[in-house]
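The next block holds one structure in the form of C-alpha cells; read it before the comments.
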Amino acid sequence: MVEFENPVLRVRSLKKQYGEGCDYCRDFKEGHLKKNYCPECGTIYACRDISFDVYEGEILGVVGESGSGKSTVMNCLYFDMEVTEGEAYISTYKEGNSNIFKESSQNQRFIRNRVLGKVYQNPIYGLKMDFSSIGNIAEKLIAAGQRNVKIMENRAKELLNHVNIPLFRIKEEPRNFSGGMQQRVQIAKALSNNPPILLLDEVTTGLDLSVQANVLDLIKKIQRELNISMIVVSHDLAVIRMLSDRTIVMLDGRVVEQGLTDQILEDPQNPYTQQLVQSLI
Ligand SMILES: Nc1ncnc2c1ncn2[C@@H]1O[C@H](COP(=O)(O)OP(=O)(O)OP(=O)(O)O)[C@@H](O)[C@H]1O
C-alpha cells in the first residue's frame with residue numbers, strides 16, 4: 001500500500017516552449033491558443049505550468065493524446081532536453097533541496113546515472129544495439145564509477161535474469177532480440193545502479209498484445225520487489241489502469257486532471273478525461 005506522504009520527486013511549474021511567444025499568447029488568455037500553439041507567432045507551448053509529486057513506491061501514470069506533452073515532461077526530467085522554466089526536486093539528491101534543472105551538466109550526468117533510470121519507447125535510444133546485453137549494463141555501471149569486472153558481470157547476470165533474459169543469450173547484441181526482449185534489456189539497464197525513480201515512456205507501444213502484457217507484468221513485478229517509484233507515460237488508458245496508483249491527465253500541454261487512478265476511472269471530472277474513460281468501455 002503506497003503512503004502518499006513522502007514525495008521522492010516534486011515537479012513545479014515545468015514549462016517548455018518552442019518560440020519566444022508574443023503579446024497575443026504570452027498570458028494564455030482563454031481561446032488565444034489553438035491547442036498548444038499560438039496562431040499569431042507560431043510558438044508551441046509543449047508544457048505549460050506542469051506540477052506534480054511522485055511518492056515513495058508509487059507508480060504515477062501520465063496519460064494523454066499524441067502531442068499533449070507527455071514525452072516532453074519525461075525528456076526534461078531526464079535532461080534529454082532543456083526546460084524553459086520550472087523546478088524539480090528529488091528527495092535522495094542533496095536532500096531534496098536542489099532544483100535539478102539548475103544543476104551543472106556534470107551533476108545532471110550524475111543524476112542520470114545514479115538517481116534516475118529511463119526506458120524509451122524506441123530501444124535504440126536506451127540501448128547500444130552493437131554491444132552485448134551484458135555490455136550495455138556494464139556501460140551504465142562504469143558510468144557510475146564501477147571498475148571491477150567480476151562485480152559488473154555478476155550484477156549484469158542478476159539484472160538480466162530478473163527480466164527473464166536467458167543466461168545463454170546475455171552475450172548477444174540486442175539488435176538480434178525481439179521487441180519485447182529489447183524492452184526487457186532496457187529495463188534491466190535502467191535499473192543497473194538502483195535508481196530510486198524509473199521513467200518509462202510508452203514502453204509497450206507498438207508491441208503485440210501478448211508481449212505487451214508480459215512487459216507490463218514485469219514492470220509491476222519489479223515495482224513490487226524493489227519498491228521503486230515510477231512514472232509511466234502512455235496514450236493508452238488501459239496501460240495506465242493496469243499499472244498506476246495515481247494518474248495525471250494531460251491535454252495540449254497542460255494537466256487537466258489528476259488523482260487516484262480508481263477515482264479518475266470511476267468519476268472523471270474533465271470532459272476530455274470522460275471521453276478517454278468512455279473509450280475504455
Ligand atoms: N523540437 C521540437 N520543436 C517544436 N515542437 C516540438 C518539438 N518537440 C516536440 N514538439 C511539440 O511539442 C508538443 C508535445 O510533444 P510531446 O512529444 O511531448 O507529446 P506527447 O504527448 O509525448 O505525444 P507523442 O506520444 O505523440 O510523442 C507537440 O505539439 C510537439 O509537436
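Just remember, in the C-alpha cells the first chain shown is A, the second B, etc., residues are 1-based per chain, and ligands are 1-based in the order shown.
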
Closest atom pairs, chain A residues within 9 Å of ligand 1, only C-alpha atoms and all ligand atoms, as CSV:
residue,atom,partner,partner_atom_place_in_ligand_line,distance
A:Lys16,CA,ligand 1,12 (O),8.3
A:Gln17,CA,ligand 1,12 (O),7.8
A:Tyr18,CA,ligand 1,4 (C),5.4
A:Gly19,CA,ligand 1,4 (C),8.2
A:Lys35,CA,ligand 1,29 (O),8.5
A:Asn36,CA,ligand 1,29 (O),6.4
A:Tyr37,CA,ligand 1,29 (O),7.6
A:Thr43,CA,ligand 1,4 (C),8.4
A:Ile44,CA,ligand 1,5 (N),6.0
A:Tyr45,CA,ligand 1,12 (O),6.8
A:Ala46,CA,ligand 1,12 (O),4.0
A:Cys47,CA,ligand 1,14 (C),7.0
A:Val63,CA,ligand 1,21 (O),8.0
A:Gly64,CA,ligand 1,21 (O),6.1
A:Glu65,CA,ligand 1,21 (O),5.8
A:Ser66,CA,ligand 1,23 (O),3.6
A:Gly67,CA,ligand 1,19 (O),3.4
A:Ser68,CA,ligand 1,21 (O),3.8
A:Gly69,CA,ligand 1,18 (O),3.2
A:Lys70,CA,ligand 1,21 (O),4.0
A:Ser71,CA,ligand 1,22 (O),3.6
A:Thr72,CA,ligand 1,18 (O),3.7
A:Val73,CA,ligand 1,18 (O),6.7
A:Met74,CA,ligand 1,18 (O),8.2
A:Asn75,CA,ligand 1,18 (O),8.1
A:Asp201,CA,ligand 1,22 (O),8.3
A:Glu202,CA,ligand 1,25 (O),7.4
A:Val233,CA,ligand 1,22 (O),8.1
A:Ser234,CA,ligand 1,25 (O),7.3
A:His235,CA,ligand 1,25 (O),6.5
A:Met250,CA,ligand 1,21 (O),7.7
A:Leu251,CA,ligand 1,21 (O),8.0
A:Asp252,CA,ligand 1,29 (O),7.5
A:Gly253,CA,ligand 1,14 (C),6.6

Output C-alpha atoms for every residue in that selection, as a CSV table (one decimal), in the first residue's frame.
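Here's the written file result.csv:
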chain,number,residue,atom,x,y,z
A,16,LYS,CA,8.7,24.0,-22.2
A,17,GLN,CA,8.1,26.2,-25.2
A,18,TYR,CA,9.4,26.4,-28.8
A,19,GLY,CA,9.4,30.0,-29.8
A,35,LYS,CA,-4.5,23.5,-28.9
A,36,ASN,CA,-0.9,24.1,-27.8
A,37,TYR,CA,0.3,26.7,-30.3
A,43,THR,CA,5.1,29.4,-30.6
A,44,ILE,CA,4.4,25.9,-29.4
A,45,TYR,CA,3.7,25.5,-25.7
A,46,ALA,CA,4.6,21.8,-25.3
A,47,CYS,CA,4.3,22.0,-21.5
A,63,VAL,CA,-1.9,9.8,-20.0
A,64,GLY,CA,-3.0,12.0,-22.9
A,65,GLU,CA,-3.3,12.1,-26.6
A,66,SER,CA,-0.4,12.4,-29.0
A,67,GLY,CA,1.2,15.9,-28.7
A,68,SER,CA,-0.2,16.6,-25.3
A,69,GLY,CA,3.3,17.0,-23.8
A,70,LYS,CA,3.8,13.7,-22.0
A,71,SER,CA,7.2,12.9,-23.5
A,72,THR,CA,8.4,16.4,-23.1
A,73,VAL,CA,7.9,16.1,-19.3
A,74,MET,CA,10.0,12.9,-19.3
A,75,ASN,CA,12.6,14.3,-21.6
A,201,ASP,CA,7.9,6.4,-21.8
A,202,GLU,CA,5.4,4.4,-23.9
A,233,VAL,CA,3.7,7.6,-19.7
A,234,SER,CA,1.2,6.2,-22.2
A,235,HIS,CA,-1.5,7.4,-24.6
A,250,MET,CA,-2.6,15.9,-20.0
A,251,LEU,CA,-4.1,17.8,-22.9
A,252,ASP,CA,-2.5,20.5,-25.1
A,253,GLY,CA,0.5,20.9,-22.7

Proximity of stretch 75-120 of chain A to stretch 180-198 of chain A: per-residue shortest pair, 10 Å limit, only C-alpha atoms, as JSON lines:
{"residue": "A:Ile90", "atom": "CA", "partner": "A:Ile197", "partner_atom": "CA", "distance": 9.1}
{"residue": "A:Ser91", "atom": "CA", "partner": "A:Pro196", "partner_atom": "CA", "distance": 9.6}
{"residue": "A:Thr92", "atom": "CA", "partner": "A:Pro196", "partner_atom": "CA", "distance": 7.9}
{"residue": "A:Ile111", "atom": "CA", "partner": "A:Pro195", "partner_atom": "CA", "distance": 9.0}
{"residue": "A:Arg112", "atom": "CA", "partner": "A:Pro195", "partner_atom": "CA", "distance": 9.0}
{"residue": "A:Asn113", "atom": "CA", "partner": "A:Asn193", "partner_atom": "CA", "distance": 7.1}
{"residue": "A:Arg114", "atom": "CA", "partner": "A:Pro195", "partner_atom": "CA", "distance": 5.6}
{"residue": "A:Val115", "atom": "CA", "partner": "A:Pro195", "partner_atom": "CA", "distance": 4.6}
{"residue": "A:Leu116", "atom": "CA", "partner": "A:Ile197", "partner_atom": "CA", "distance": 5.1}
{"residue": "A:Gly117", "atom": "CA", "partner": "A:Ala190", "partner_atom": "CA", "distance": 4.5}
{"residue": "A:Lys118", "atom": "CA", "partner": "A:Ala190", "partner_atom": "CA", "distance": 5.7}
{"residue": "A:Val119", "atom": "CA", "partner": "A:Gln186", "partner_atom": "CA", "distance": 6.0}
{"residue": "A:Tyr120", "atom": "CA", "partner": "A:Gln186", "partner_atom": "CA", "distance": 8.0}

Next item on the list: as a PyMOL selection string, please: all residues of stretch 167-220 of chain A that backbone DSSP puts in strand (DSSP E).
Entry: chain A and resi 197-201

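Closest to A:Glu56 among A:Glu85, A:Glu158, A:Glu172, A:Asp245 is A:Asp245, based on only C-alpha atoms.
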
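With distances taken over only C-alpha atoms, A:Ile100 is the one residue among A:Val232, A:Ile100, A:Ile59, A:Ala238 lying closest to A:Arg10.
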
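Residue nearest A:Pro174, chosen from A:Lys15, A:Arg246, A:Arg155, A:Lys128 and counting only C-alpha atoms: A:Lys128.
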
Margin query: Which residue is closest to A:Asn214? Choose from A:Gln146, A:Asn164, A:Ser279, A:Thr273 and count only C-alpha atoms.
Written below: A:Asn164
